[in-house]
Structures are given as C-alpha cells and as structure tokens.
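data_9.txt follows (compact mmCIF, C-alpha atoms and all ligand atoms):
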```txt
# COMPACT_ATOMS: atom_id res chain seq x y z
CA MET X 1 -22.35 0.13 -10.65
CA GLY X 2 -18.67 -0.43 -9.82
CA LEU X 3 -18.21 2.17 -7.06
CA SER X 4 -20.50 1.50 -4.08
CA LEU X 5 -23.31 3.98 -3.47
CA LEU X 6 -21.97 4.54 0.07
CA GLN X 7 -18.55 5.53 -1.32
CA THR X 8 -20.05 7.72 -4.09
CA VAL X 9 -22.16 9.62 -1.55
CA LYS X 10 -19.43 10.00 1.13
CA VAL X 11 -16.70 11.05 -1.30
CA GLY X 12 -19.14 13.43 -3.04
CA ALA X 13 -19.94 15.05 0.34
CA TYR X 14 -16.20 15.35 1.14
CA VAL X 15 -15.52 17.10 -2.20
CA MET X 16 -18.45 19.47 -1.71
CA LYS X 17 -17.25 20.34 1.81
CA HIS X 18 -13.88 21.42 0.40
CA ARG X 19 -15.47 23.27 -2.52
CA ILE X 20 -17.68 25.25 -0.11
CA LYS X 21 -14.67 26.01 2.12
CA GLY X 22 -12.70 27.11 -0.97
CA THR X 23 -9.79 24.71 -0.27
CA LYS X 24 -7.31 25.15 -3.12
CA ARG X 25 -5.77 21.67 -2.97
CA PHE X 26 -7.21 18.68 -1.15
CA PRO X 27 -6.47 14.96 -1.51
CA LEU X 28 -8.97 12.31 -2.56
CA VAL X 29 -7.06 9.03 -2.37
CA LEU X 30 -3.99 8.27 -0.27
CA MET X 31 -1.58 6.01 -2.16
CA LEU X 32 -0.02 4.10 0.72
CA GLU X 33 3.06 1.97 0.07
CA PRO X 34 3.72 0.37 3.45
CA LEU X 35 6.56 -1.75 2.03
CA PHE X 36 8.27 -2.35 -1.31
CA ARG X 37 8.97 -6.05 -0.88
CA CYS X 38 6.97 -8.36 -3.12
CA ASN X 39 6.66 -12.10 -3.70
CA LEU X 40 6.67 -11.56 -7.50
CA GLU X 41 9.08 -9.89 -9.92
CA CYS X 42 6.93 -8.58 -12.77
CA ALA X 43 8.91 -7.21 -15.73
CA GLY X 44 6.92 -3.96 -15.89
CA CYS X 45 7.25 -3.15 -12.17
CA GLY X 46 9.13 -0.08 -11.03
CA LYS X 47 8.53 -0.65 -7.32
CA ILE X 48 10.65 -3.66 -6.43
CA GLN X 49 14.03 -2.57 -7.78
CA TYR X 50 15.22 -1.04 -4.50
CA PRO X 51 18.27 -2.36 -2.60
CA GLU X 52 17.79 -4.97 0.14
CA GLU X 53 18.01 -2.45 3.01
CA THR X 54 15.02 -0.56 1.54
CA LEU X 55 13.07 -3.74 0.85
CA LYS X 56 13.45 -4.66 4.53
CA LYS X 57 11.72 -1.46 5.68
CA ARG X 58 8.01 -1.12 6.30
CA LEU X 59 5.65 1.50 7.75
CA SER X 60 4.32 0.79 11.24
CA VAL X 61 0.60 0.77 12.11
CA ALA X 62 1.08 4.17 13.81
CA GLU X 63 2.74 5.67 10.71
CA CYS X 64 -0.06 4.36 8.47
CA VAL X 65 -2.69 5.86 10.79
CA GLN X 66 -0.82 9.17 10.97
CA ALA X 67 -0.71 9.41 7.15
CA VAL X 68 -4.50 9.26 7.05
CA GLU X 69 -5.00 11.64 9.96
CA GLU X 70 -2.60 14.20 8.44
CA SER X 71 -4.11 14.14 4.98
CA GLY X 72 -7.80 13.61 5.91
CA VAL X 73 -8.43 11.49 2.79
CA PRO X 74 -11.71 9.55 2.44
CA VAL X 75 -10.13 6.71 0.39
CA ILE X 76 -6.87 4.76 0.76
CA SER X 77 -5.27 2.60 -1.89
CA ILE X 78 -2.80 0.27 -0.20
CA ALA X 79 -0.19 -0.75 -2.75
CA GLY X 80 3.45 -1.72 -2.55
CA GLY X 81 5.20 -4.11 -3.00
CA GLU X 82 2.75 -6.71 -1.79
CA PRO X 83 0.66 -5.40 1.15
CA LEU X 84 -0.26 -8.92 2.30
CA MET X 85 3.45 -9.50 3.09
CA HIS X 86 3.12 -6.84 5.81
CA PRO X 87 2.56 -8.74 9.10
CA GLU X 88 0.41 -5.94 10.58
CA MET X 89 -1.83 -5.38 7.57
CA PRO X 90 -5.04 -6.55 9.37
CA GLN X 91 -4.41 -4.01 12.16
CA ILE X 92 -3.77 -1.23 9.63
CA VAL X 93 -7.01 -2.07 7.80
CA ASN X 94 -8.96 -2.21 11.10
CA GLU X 95 -7.73 1.26 12.07
CA TYR X 96 -8.93 2.65 8.72
CA VAL X 97 -12.31 0.89 8.90
CA LYS X 98 -12.81 2.32 12.42
CA ARG X 99 -12.31 5.79 10.94
CA GLY X 100 -14.86 5.20 8.13
CA LYS X 101 -12.25 5.24 5.36
CA PHE X 102 -12.65 3.27 2.13
CA ILE X 103 -9.74 0.89 1.59
CA TYR X 104 -8.59 -0.72 -1.64
CA LEU X 105 -6.03 -3.33 -0.67
CA CYS X 106 -4.13 -3.93 -3.94
CA THR X 107 -2.73 -7.43 -4.01
CA ASN X 108 -1.38 -10.05 -6.39
CA ALA X 109 -3.52 -12.44 -4.27
CA ILE X 110 -0.80 -15.05 -3.76
CA LEU X 111 -1.38 -14.79 0.01
CA LEU X 112 -5.06 -13.82 -0.11
CA GLU X 113 -6.62 -17.18 0.73
CA LYS X 114 -4.03 -17.86 3.42
CA ARG X 115 -4.55 -14.55 5.26
CA LEU X 116 -8.28 -14.05 4.64
CA SER X 117 -9.36 -15.14 8.13
CA GLU X 118 -7.34 -12.24 9.64
CA PHE X 119 -9.71 -9.71 8.01
CA THR X 120 -13.41 -8.95 8.56
CA PRO X 121 -15.79 -8.21 5.65
CA SER X 122 -16.87 -4.56 5.57
CA PRO X 123 -18.41 -2.18 3.02
CA TYR X 124 -15.25 -0.10 3.62
CA LEU X 125 -12.79 -2.85 2.64
CA THR X 126 -12.19 -4.01 -0.93
CA PHE X 127 -9.51 -6.42 -2.08
CA SER X 128 -8.30 -5.13 -5.44
CA VAL X 129 -6.64 -8.06 -7.19
CA HIS X 130 -4.00 -7.54 -9.86
CA LEU X 131 -5.01 -9.53 -12.98
CA ASP X 132 -3.53 -8.46 -16.30
CA GLY X 133 -5.20 -11.09 -18.47
CA LEU X 134 -6.50 -14.64 -18.59
CA GLU X 135 -4.22 -17.46 -17.46
CA ALA X 136 -1.48 -17.56 -20.12
CA ARG X 137 -1.26 -13.77 -20.52
CA HIS X 138 -1.29 -13.01 -16.78
CA ASP X 139 1.29 -15.64 -15.90
CA HIS X 140 3.52 -14.38 -18.74
CA LEU X 141 3.28 -10.75 -17.53
CA VAL X 142 3.98 -11.60 -13.88
CA CYS X 143 6.81 -13.90 -15.01
CA ARG X 144 5.60 -16.97 -13.09
CA GLU X 145 3.34 -19.90 -13.93
CA GLY X 146 0.44 -20.72 -11.62
CA VAL X 147 -0.15 -17.17 -10.31
CA PHE X 148 -3.45 -16.76 -12.20
CA LYS X 149 -4.90 -19.96 -10.70
CA THR X 150 -3.83 -18.89 -7.20
CA ALA X 151 -5.32 -15.41 -7.66
CA VAL X 152 -8.62 -16.85 -8.94
CA ALA X 153 -8.79 -19.24 -5.96
CA GLY X 154 -8.15 -16.24 -3.67
CA ILE X 155 -10.93 -14.23 -5.31
CA ARG X 156 -13.40 -17.10 -5.02
CA ALA X 157 -12.52 -17.59 -1.34
CA ALA X 158 -12.85 -13.86 -0.58
CA LYS X 159 -16.20 -13.60 -2.36
CA ALA X 160 -17.48 -16.73 -0.58
CA ALA X 161 -16.48 -15.18 2.76
CA GLY X 162 -18.46 -12.00 1.99
CA PHE X 163 -15.68 -9.58 1.02
CA ARG X 164 -15.87 -6.96 -1.72
CA VAL X 165 -13.41 -7.85 -4.49
CA THR X 166 -12.46 -5.76 -7.49
CA THR X 167 -9.64 -6.25 -9.97
CA ASN X 168 -7.02 -3.98 -11.49
CA THR X 169 -5.67 -4.60 -14.97
CA THR X 170 -2.72 -2.79 -16.49
CA VAL X 171 -3.00 -2.52 -20.26
CA PHE X 172 0.23 -2.71 -22.25
CA GLU X 173 1.22 -2.15 -25.89
CA GLY X 174 0.05 -4.95 -28.22
CA GLU X 175 -2.90 -5.94 -26.04
CA LYS X 176 -5.79 -7.50 -28.00
CA PRO X 177 -9.14 -5.88 -27.01
CA GLU X 178 -11.03 -9.14 -27.61
CA GLU X 179 -8.76 -10.92 -25.09
CA LEU X 180 -9.48 -8.24 -22.48
CA HIS X 181 -13.20 -8.58 -23.24
CA LYS X 182 -12.96 -12.30 -22.45
CA LEU X 183 -11.22 -11.39 -19.19
CA PHE X 184 -14.03 -8.93 -18.32
CA ASP X 185 -16.66 -11.61 -19.03
CA PHE X 186 -14.83 -14.04 -16.75
CA LEU X 187 -14.39 -11.50 -13.93
CA ARG X 188 -18.02 -10.39 -13.95
CA ASN X 189 -19.99 -13.47 -15.01
CA ASP X 190 -17.93 -16.24 -13.46
CA LEU X 191 -16.10 -14.70 -10.48
CA LYS X 192 -18.86 -12.11 -9.77
CA THR X 193 -16.34 -9.42 -8.84
CA ASP X 194 -17.63 -6.04 -7.67
CA GLY X 195 -15.91 -3.89 -10.30
CA MET X 196 -12.87 -3.65 -12.56
CA MET X 197 -10.14 -1.05 -12.86
CA VAL X 198 -8.19 -0.67 -16.10
CA SER X 199 -5.14 1.51 -16.48
CA PRO X 200 -2.45 2.11 -19.07
CA GLY X 201 0.99 1.12 -17.79
CA TYR X 202 3.43 3.88 -16.85
CA ALA X 203 7.00 3.52 -18.14
CA TYR X 204 8.83 3.55 -14.78
CA GLN X 205 12.48 4.43 -15.33
CA LYS X 206 13.41 1.54 -13.04
CA ALA X 207 11.24 -1.12 -14.78
CA PRO X 208 13.29 -3.77 -16.61
CA ASP X 209 10.83 -3.92 -19.54
CA GLN X 210 10.67 -0.47 -21.22
CA GLU X 211 9.36 -1.51 -24.65
CA HIS X 212 5.76 -2.40 -23.96
CA PHE X 213 4.31 0.81 -22.54
CA LEU X 214 1.59 2.66 -24.45
CA ARG X 215 2.11 6.08 -25.99
CA ARG X 216 -0.66 8.66 -25.56
CA GLU X 217 -2.51 8.47 -28.90
CA LYS X 218 -2.24 4.68 -28.94
CA THR X 219 -3.66 4.58 -25.41
CA LYS X 220 -6.80 6.45 -26.51
CA GLU X 221 -7.26 4.27 -29.59
CA LEU X 222 -6.83 1.04 -27.64
CA PHE X 223 -9.02 2.07 -24.69
CA ARG X 224 -11.82 3.08 -27.07
CA GLN X 225 -11.85 -0.52 -28.34
CA VAL X 226 -11.41 -1.96 -24.84
CA VAL X 227 -14.06 -0.06 -22.82
CA LYS X 228 -16.33 1.43 -25.51
CA PRO X 229 -16.50 -1.18 -28.27
CA THR X 230 -19.07 -0.63 -31.01
CA ALA X 231 -22.17 -2.86 -31.19
CA GLU X 232 -20.49 -4.68 -34.11
CA GLN X 233 -17.45 -5.42 -31.94
CA VAL X 234 -19.31 -6.45 -28.76
CA ASP X 235 -23.01 -7.15 -28.20
CA PRO X 236 -24.34 -4.24 -26.03
CA ALA X 237 -26.02 -6.73 -23.65
CA ARG X 238 -22.61 -8.31 -23.03
CA ARG X 239 -20.87 -4.92 -22.59
CA LYS X 240 -23.54 -3.80 -20.10
CA LYS X 241 -22.37 -6.44 -17.61
CA TRP X 242 -18.86 -4.97 -17.37
CA GLN X 243 -18.78 -2.73 -14.32
CA PHE X 244 -15.73 -0.49 -14.15
CA ASN X 245 -14.55 0.88 -10.85
CA HIS X 246 -13.95 4.31 -12.38
CA SER X 247 -16.02 7.43 -12.88
CA SER X 248 -17.46 7.66 -16.40
CA PHE X 249 -15.57 10.96 -16.75
CA PHE X 250 -12.24 9.13 -16.31
CA LEU X 251 -13.25 6.52 -18.91
CA ASP X 252 -14.07 9.42 -21.29
CA PHE X 253 -10.55 10.73 -20.71
CA LEU X 254 -8.95 7.33 -21.44
CA THR X 255 -10.87 7.04 -24.70
CA GLY X 256 -9.98 10.58 -25.83
CA ASP X 257 -13.53 11.97 -25.38
CA LYS X 258 -12.23 14.42 -22.75
CA GLU X 259 -8.92 16.22 -22.38
CA TYR X 260 -7.57 16.67 -18.85
CA GLN X 261 -4.42 17.86 -17.10
CA CYS X 262 -3.35 15.70 -14.20
CA THR X 263 -3.99 16.56 -10.53
CA PRO X 264 -0.97 15.04 -8.76
CA TRP X 265 -1.92 16.41 -5.32
CA GLY X 266 -5.28 14.56 -5.60
CA ASN X 267 -3.65 11.16 -4.89
CA PRO X 268 -0.61 11.82 -2.68
CA THR X 269 1.83 8.98 -1.96
CA ARG X 270 3.20 8.03 1.46
CA ASN X 271 5.87 5.31 1.56
CA VAL X 272 8.88 4.27 3.65
CA PHE X 273 10.82 7.36 2.50
CA GLY X 274 8.13 9.92 3.42
CA TRP X 275 5.62 11.84 1.24
CA GLN X 276 6.73 11.39 -2.36
CA LYS X 277 6.93 14.40 -4.70
CA PRO X 278 5.01 14.88 -6.93
CA CYS X 279 3.03 11.65 -7.42
CA TYR X 280 2.86 7.88 -7.15
CA LEU X 281 4.74 7.40 -10.43
CA MET X 282 7.67 9.82 -10.15
CA SER X 283 10.02 10.65 -7.33
CA ASP X 284 11.56 14.13 -7.13
CA GLY X 285 12.28 13.93 -3.42
CA TYR X 286 10.28 13.49 -0.23
CA ALA X 287 8.53 15.69 2.33
CA LYS X 288 8.35 14.89 6.04
CA SER X 289 4.64 15.72 6.35
CA PHE X 290 1.59 16.05 4.12
CA LYS X 291 1.53 19.80 4.83
CA GLU X 292 5.15 20.11 3.72
CA LEU X 293 4.36 18.08 0.57
CA LEU X 294 1.52 20.45 -0.37
CA GLU X 295 3.48 23.60 0.40
CA SER X 296 6.95 22.73 -0.91
CA THR X 297 6.07 21.04 -4.23
CA ASP X 298 6.04 23.19 -7.37
CA TRP X 299 2.85 21.54 -8.70
CA ASP X 300 2.70 23.72 -11.81
CA GLN X 301 5.83 22.16 -13.27
CA TYR X 302 4.17 18.74 -13.68
CA GLY X 303 1.75 17.38 -16.29
CA THR X 304 1.60 16.77 -20.02
CA GLY X 305 3.49 19.41 -22.00
CA LYS X 306 5.41 20.52 -18.90
CA ASP X 307 7.61 17.61 -17.79
CA PRO X 308 8.85 15.15 -20.45
CA ARG X 309 8.28 12.25 -18.01
CA CYS X 310 4.55 13.15 -18.04
CA ALA X 311 4.19 13.13 -21.85
CA ASP X 312 2.53 9.71 -22.16
CA CYS X 313 1.06 9.37 -18.68
CA MET X 314 -2.71 8.75 -18.52
CA VAL X 315 -2.64 6.80 -15.26
CA HIS X 316 -5.59 6.93 -12.86
CA CYS X 317 -3.56 8.19 -9.88
CA GLY X 318 -2.97 11.48 -11.76
CA TYR X 319 -6.15 11.85 -13.78
CA GLU X 320 -8.95 10.19 -11.79
CA PRO X 321 -8.83 13.10 -9.28
CA THR X 322 -9.23 15.52 -12.20
CA ALA X 323 -12.20 13.48 -13.41
CA VAL X 324 -13.78 13.50 -9.92
CA LEU X 325 -13.31 17.27 -9.63
CA ASP X 326 -14.86 17.73 -13.09
CA ALA X 327 -17.75 15.41 -12.21
CA THR X 328 -18.57 17.62 -9.20
CA ALA X 329 -17.91 20.97 -10.89
CA SER X 330 -21.58 21.68 -11.72
CA VAL X 331 -25.06 20.30 -11.03
CA LYS X 332 -25.23 19.15 -14.66
CA ASN X 333 -21.99 17.19 -14.35
CA MET X 334 -23.07 15.70 -11.00
CA LEU X 335 -26.36 14.48 -12.47
CA LYS X 336 -24.56 13.00 -15.48
CA SER X 337 -21.98 11.31 -13.28
CA PHE X 338 -24.68 9.81 -11.01
CA LYS X 339 -26.73 8.63 -13.98
CA ASP X 340 -23.66 7.00 -15.56
CA ALA X 341 -22.84 5.33 -12.23
CA VAL X 342 -26.23 3.70 -11.81
CA THR X 343 -26.59 2.68 -15.46
CA ASN X 344 -22.99 1.45 -16.01
S1 LIG D 1 2.86 -7.89 -8.03
FE1 LIG D 1 2.83 -5.65 -8.16
S2 LIG D 1 4.42 -4.95 -6.73
FE2 LIG D 1 4.77 -7.15 -7.08
S3 LIG D 1 6.28 -7.22 -8.72
FE3 LIG D 1 4.26 -7.36 -9.68
S4 LIG D 1 3.69 -5.23 -10.20
FE4 LIG D 1 5.40 -5.15 -8.73
S1 LIG D 2 1.21 13.31 -15.52
FE1 LIG D 2 0.83 13.62 -13.33
S2 LIG D 2 0.47 11.58 -12.48
FE2 LIG D 2 1.47 11.31 -14.47
S3 LIG D 2 3.67 11.19 -14.02
FE3 LIG D 2 3.20 13.35 -14.43
S4 LIG D 2 2.78 14.27 -12.43
FE4 LIG D 2 2.65 12.04 -12.19
```

Could you show the structure in this file as structure tokens?
Amino acid sequence: MGLSLLQTVKVGAYVMKHRIKGTKRFPLVLMLEPLFRCNLECAGCGKIQYPEETLKKRLSVAECVQAVEESGVPVISIAGGEPLMHPEMPQIVNEYVKRGKFIYLCTNAILLEKRLSEFTPSPYLTFSVHLDGLEARHDHLVCREGVFKTAVAGIRAAKAAGFRVTTNTTVFEGEKPEELHKLFDFLRNDLKTDGMMVSPGYAYQKAPDQEHFLRREKTKELFRQVVKPTAEQVDPARRKKWQFNHSSFFLDFLTGDKEYQCTPWGNPTRNVFGWQKPCYLMSDGYAKSFKELLESTDWDQYGTGKDPRCADCMVHCGYEPTAVLDATASVKNMLKSFKDAVTN
C-alpha cells in the first residue's frame, strides 16, 4: 500500500472526530509554501514567476508552526518553490514530527543528498520527489539536463539512510501511457520508493507554457490508460507492483469512474502572503488567519461549472479531500477503501 497504515489510521480517526462533532468544514492537508524561490525554472510552473522582493521572502519556523497549530491539520505538504532551499527546513520538519504530523516534503531533489544528514528518518517524514518521466522526458520538462540523474542519486541516498521516499509526477497533454508505465516500473522495482503520486497539470495563468495542460475529458481518458490499463495493455502482475500514494476513490475520480466537486477548504494554503483564497492553485486574495480564511471565503462560488478557472481542474489538492470524505462517509465505503489500500 502507498499510504502508511499509521497515516491511514490517524487521518481516519481525525476525520471521524470531526464527523461526530458535526464540524462543517475542516482541513485535511496543509499546503505550506515557505518560500517561492527555486533552483529550477520549469516551463509549466506557476510558482516562481514572482518579482525578486517576493522570492527573497520566506516563512519563519514560528510562522510554519503557527500555521499547523491554527488549522489543526494531520498532514502537511511542504511545497514551494524548493523547500530544501529554506535554511531552517530541518527545524520546521522537527517541529512537525514532534507534534505527530505527517509531512510530505516536496522537492526536486537537487539538494536532497547534500542536506540529508540534517534530517532524521521518521514514519512521519516522507520526501516526495518531483519526477515527471524517465531521464530525457524529465530533463526536458524541467528545462535542464542532468536533473533526473541528480534526483535518482538523491532518492537512492535517502532510501539507503532509512527515509520514506515517494514521488510526484505531473501528467501533461501528449504523455504516452507506456512511457509512464516504464517510469512506474523503475520507481517501484529499481528505486524501491514507498508510493507514487500522479496528478494532471493545472494551467496556472502565470506559467510560461500554456499549451500542454490536459482538458477534463482527455484527463479521464489518459488516466484510465495510465493507472488502470487493461490486461492486454499491461500484465496484471506488473501493474500490481505500482503503489499509488492516493486513495482508490481519488484514482476512480481521475479515471472518470466517479464524479466529484472539489473541496478547496480541505487543503488550505499558507504562504508568504498569508492564507490563500480559495486554494493552492488560484489566488483571489489572502486572509490573515485560518479562521478568517474559513469564514471570509465564499466557498460556494468555486468548482467545476461555477468558476471558469475550475473547468478543467482535477488536481489532487482540490479533489483528494472530497475522495477522503467520500471514503469515510459510510461503513461500506470505509471497508472498500481499506480493502483497496491493502490490496493496491
Ligand atoms: S521544481 Fe517545482 S517549484 Fe521549482 S520550478 Fe519546477 S515546478 Fe516550479
Ligand atoms: S476546482 Fe477547486 S482546487 Fe481546482 S482550481 Fe477550482 S477551487 Fe481550486
């Protein structure tokens, strides 16, 4: 299974606590962007186009801790920019581990090997390495040769040192499923990673490359071939080894087997500007506190069919919370979700 049993149980208990209390909106994953600076300039990135004075800013350890205390989330995804360019990242991670929070440190892994000794392996800490394809494809998408080799060396070093390592792969228009299948084989069989995340790209208004993002129907068609290939396309014994770091309900959504509306308050974003409204992907202003974010955002105006910017979005930060809520909505769904998790 991709998600650890410890995380499945603790997050499940957290969701049930809020369901019993009748909490209307509660967050599952904090999307923390402690800085926007990065050591790459990928063409599809909408996060690094800020002016120099913004790129110089970063959240302090105290601000990162406060974001978690305010929101009460069980899981934190540390993104950016490149989190390993933050000098105090080990202290931030230590504070979260002390509080029993699950951390996904999302990195391009250029600095992973170099900074590894500053971190301590823990079931709560996972390095989530950005890999969009095998060598030629990945280096093309991140616009620099040699990045794939560096990332693979970083993954091997982290695994050898006892860390949990997963990968995240953004899928763009024109992707060949068989190429992604080769990537999955490599990640699981060769690198022995602990799980894989796959996500359709979101067409950030600021991203230089606007042409290669997937439209909704194409996303479903492509993801069906990518994560649920037929036995003729991929031998079932080979497919069985691919462990995705998603709930099976979210994979059903990506392949068009389930229809969901997004839950933007499920994965709130805190960055150097404040709490971003309404989600990780779009910015319609900022709140000073998590409470203000929840209370001052008109959540009903967002989602497919409501806001044109949401029309093609099927990204995990909006829809994985919906999938988690659905997976815990009834005993039947919980049993199915658990069975899928242990047999995936
Ligand atoms: S590594 Fe990530 S943050 Fe850096 S430029 Fe690429 S997509 Fe953007
Ligand atoms: S569908 Fe949801 S997650 Fe996607 S851009 Fe719209 S509000 Fe954000």

**Report entry** Ref. answer, residues at most 12 Å from (-10.7, 7.0, -25.7) with all atoms listed in the file, as an NGL selection string
**Finding:** :X and (200 or 216-229 or 248-259 or 314)

Write the residues you've just listed into a file as a PDB file, in the coordinates of the input, and include C-alpha atoms for each of them.
```pdb
ATOM      1  CA  PRO X 200      -2.450   2.110 -19.070  1.00  0.00           C
ATOM      2  CA  ARG X 216      -0.660   8.660 -25.560  1.00  0.00           C
ATOM      3  CA  GLU X 217      -2.510   8.470 -28.900  1.00  0.00           C
ATOM      4  CA  LYS X 218      -2.240   4.680 -28.940  1.00  0.00           C
ATOM      5  CA  THR X 219      -3.660   4.580 -25.410  1.00  0.00           C
ATOM      6  CA  LYS X 220      -6.800   6.450 -26.510  1.00  0.00           C
ATOM      7  CA  GLU X 221      -7.260   4.270 -29.590  1.00  0.00           C
ATOM      8  CA  LEU X 222      -6.830   1.040 -27.640  1.00  0.00           C
ATOM      9  CA  PHE X 223      -9.020   2.070 -24.690  1.00  0.00           C
ATOM     10  CA  ARG X 224     -11.820   3.080 -27.070  1.00  0.00           C
ATOM     11  CA  GLN X 225     -11.850  -0.520 -28.340  1.00  0.00           C
ATOM     12  CA  VAL X 226     -11.410  -1.960 -24.840  1.00  0.00           C
ATOM     13  CA  VAL X 227     -14.060  -0.060 -22.820  1.00  0.00           C
ATOM     14  CA  LYS X 228     -16.330   1.430 -25.510  1.00  0.00           C
ATOM     15  CA  PRO X 229     -16.500  -1.180 -28.270  1.00  0.00           C
ATOM     16  CA  SER X 248     -17.460   7.660 -16.400  1.00  0.00           C
ATOM     17  CA  PHE X 249     -15.570  10.960 -16.750  1.00  0.00           C
ATOM     18  CA  PHE X 250     -12.240   9.130 -16.310  1.00  0.00           C
ATOM     19  CA  LEU X 251     -13.250   6.520 -18.910  1.00  0.00           C
ATOM     20  CA  ASP X 252     -14.070   9.420 -21.290  1.00  0.00           C
ATOM     21  CA  PHE X 253     -10.550  10.730 -20.710  1.00  0.00           C
ATOM     22  CA  LEU X 254      -8.950   7.330 -21.440  1.00  0.00           C
ATOM     23  CA  THR X 255     -10.870   7.040 -24.700  1.00  0.00           C
ATOM     24  CA  GLY X 256      -9.980  10.580 -25.830  1.00  0.00           C
ATOM     25  CA  ASP X 257     -13.530  11.970 -25.380  1.00  0.00           C
ATOM     26  CA  LYS X 258     -12.230  14.420 -22.750  1.00  0.00           C
ATOM     27  CA  GLU X 259      -8.920  16.220 -22.380  1.00  0.00           C
ATOM     28  CA  MET X 314      -2.710   8.750 -18.520  1.00  0.00           C
TER      29      MET X 314
END
```

Query raised in the report: Can you tell me which residues sit at most 9 Å away from ligand LIG 2 (chain D), counting only C-alpha atoms and all ligand atoms, written as an MDAnalysis selection string?
Result: chainID X and resid 202 261:265 267 277:283 299 301:304 306:319

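Across the model, the gap from CA of Asp194 (chain X) to CA of Ser71 (chain X) is 27.4 Å.
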
Query raised in the report: When distances are computed from all atoms listed in the file, which of X:Val152, X:Ala287, X:Leu180, X:Leu335 shows the smallest separation from Lys192 (chain X)?
Result: X:Val152

Requested in this report: Kindly compile the residues surrounding ligand LIG 1 (chain D) within 12 Å, counting only C-alpha atoms and all ligand atoms, and format them as JSON, numbers by chain.
Outcome: {"X": [33, 34, 35, 36, 37, 38, 39, 40, 41, 42, 43, 44, 45, 46, 47, 48, 49, 50, 55, 78, 79, 80, 81, 82, 83, 84, 85, 105, 106, 107, 108, 109, 110, 111, 128, 129, 130, 131, 132, 138, 139, 140, 141, 142, 143, 144, 147, 148, 151, 168, 169, 170, 201, 202, 204, 206, 207, 208, 209]}

Query raised in the report: Counting all atoms listed in the file, what is within 7 Å of region 153-160 of chain X, bar same-chain residues fewer than 2 positions away, as an MDAnalysis selection string?
Result: chainID X and resid 109 112:113 116 149:151 162:165 191

Query raised in the report: What is the CA of Glu292 (chain X)-CA of Glu69 (chain X) distance in Å, reported with one decimal?
Result: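 Answer for the CA of Glu292 (chain X) to CA of Glu69 (chain X) separation: 14.6 Å.
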
Query - Nearest residue to Arg215 (chain X) from the set X:Val73, X:Lys114, X:Val171, X:Tyr14 (distances using only C-alpha atoms) - result: X:Val171

Write out as a PDB file with C-alpha atoms, in the frame of the given file the residues lying within 12 Å of Ser60 (chain X), counting only C-alpha atoms and excluding same-chain residues fewer than 6 positions away.
```
ATOM      1  CA  LEU X  32      -0.020   4.100   0.720  1.00  0.00           C
ATOM      2  CA  GLU X  33       3.060   1.970   0.070  1.00  0.00           C
ATOM      3  CA  PRO X  34       3.720   0.370   3.450  1.00  0.00           C
ATOM      4  CA  LEU X  35       6.560  -1.750   2.030  1.00  0.00           C
ATOM      5  CA  GLN X  66      -0.820   9.170  10.970  1.00  0.00           C
ATOM      6  CA  ALA X  67      -0.710   9.410   7.150  1.00  0.00           C
ATOM      7  CA  HIS X  86       3.120  -6.840   5.810  1.00  0.00           C
ATOM      8  CA  PRO X  87       2.560  -8.740   9.100  1.00  0.00           C
ATOM      9  CA  GLU X  88       0.410  -5.940  10.580  1.00  0.00           C
ATOM     10  CA  MET X  89      -1.830  -5.380   7.570  1.00  0.00           C
ATOM     11  CA  GLN X  91      -4.410  -4.010  12.160  1.00  0.00           C
ATOM     12  CA  ILE X  92      -3.770  -1.230   9.630  1.00  0.00           C
ATOM     13  CA  ASN X 271       5.870   5.310   1.560  1.00  0.00           C
ATOM     14  CA  VAL X 272       8.880   4.270   3.650  1.00  0.00           C
TER      15      VAL X 272
END
```

Requested in this report: Take the point (5.7, 17.6, -1.9) as written in the file and pick out every residue within 8 Å of it, counting all atoms listed in the file; give the list as an MDAnalysis selection string.
Outcome: chainID X and resid 275:278 285:287 290 292:298

Written selection (C-alpha atoms) as a PDB file, in the frame of the given file:
```
ATOM      1  CA  TRP X 275       5.620  11.840   1.240  1.00  0.00           C
ATOM      2  CA  GLN X 276       6.730  11.390  -2.360  1.00  0.00           C
ATOM      3  CA  LYS X 277       6.930  14.400  -4.700  1.00  0.00           C
ATOM      4  CA  PRO X 278       5.010  14.880  -6.930  1.00  0.00           C
ATOM      5  CA  GLY X 285      12.280  13.930  -3.420  1.00  0.00           C
ATOM      6  CA  TYR X 286      10.280  13.490  -0.230  1.00  0.00           C
ATOM      7  CA  ALA X 287       8.530  15.690   2.330  1.00  0.00           C
ATOM      8  CA  PHE X 290       1.590  16.050   4.120  1.00  0.00           C
ATOM      9  CA  GLU X 292       5.150  20.110   3.720  1.00  0.00           C
ATOM     10  CA  LEU X 293       4.360  18.080   0.570  1.00  0.00           C
ATOM     11  CA  LEU X 294       1.520  20.450  -0.370  1.00  0.00           C
ATOM     12  CA  GLU X 295       3.480  23.600   0.400  1.00  0.00           C
ATOM     13  CA  SER X 296       6.950  22.730  -0.910  1.00  0.00           C
ATOM     14  CA  THR X 297       6.070  21.040  -4.230  1.00  0.00           C
ATOM     15  CA  ASP X 298       6.040  23.190  -7.370  1.00  0.00           C
TER      16      ASP X 298
END
```

Query - Interatomic distance (Å, one decimal) between CA of Lys176 (chain X) and CA of Arg137 (chain X) - result: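 Straight-line distance from CA of Lys176 (chain X) to CA of Arg137 (chain X) works out to 10.8 Å.
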
Report task. Would you please work out which residue, of X:Ser117, X:Thr126, X:Gln243, X:Thr322, is nearest to Pro27 (chain X) when using all atoms listed in the file? Result -> X:Thr322

Query raised in the report: Out of X:Val198, X:Ala13, X:Leu187, X:Cys64, which residue has the shortest atom-to-atom distance to Glu320 (chain X) when counting only C-alpha atoms?
Result: X:Val198

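Nearest residue to Phe273 (chain X), choosing from X:Asn333, X:Thr193, X:Thr54, X:Gln7 and counting all atoms listed in the file: X:Thr54.
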
Report summary line: Among X:Tyr96, X:Phe172, X:Met196, X:Tyr104, Gly72 (chain X) is approached most closely, using only C-alpha atoms, by X:Tyr96

Query - For Val324 (chain X): contacts at 10 Å, only C-alpha atoms, fewer than 5 positions along chain excluded, given as a PyMOL selection string - result: chain X and resi 11-12+15+28+246-250+266+319+329+334+337
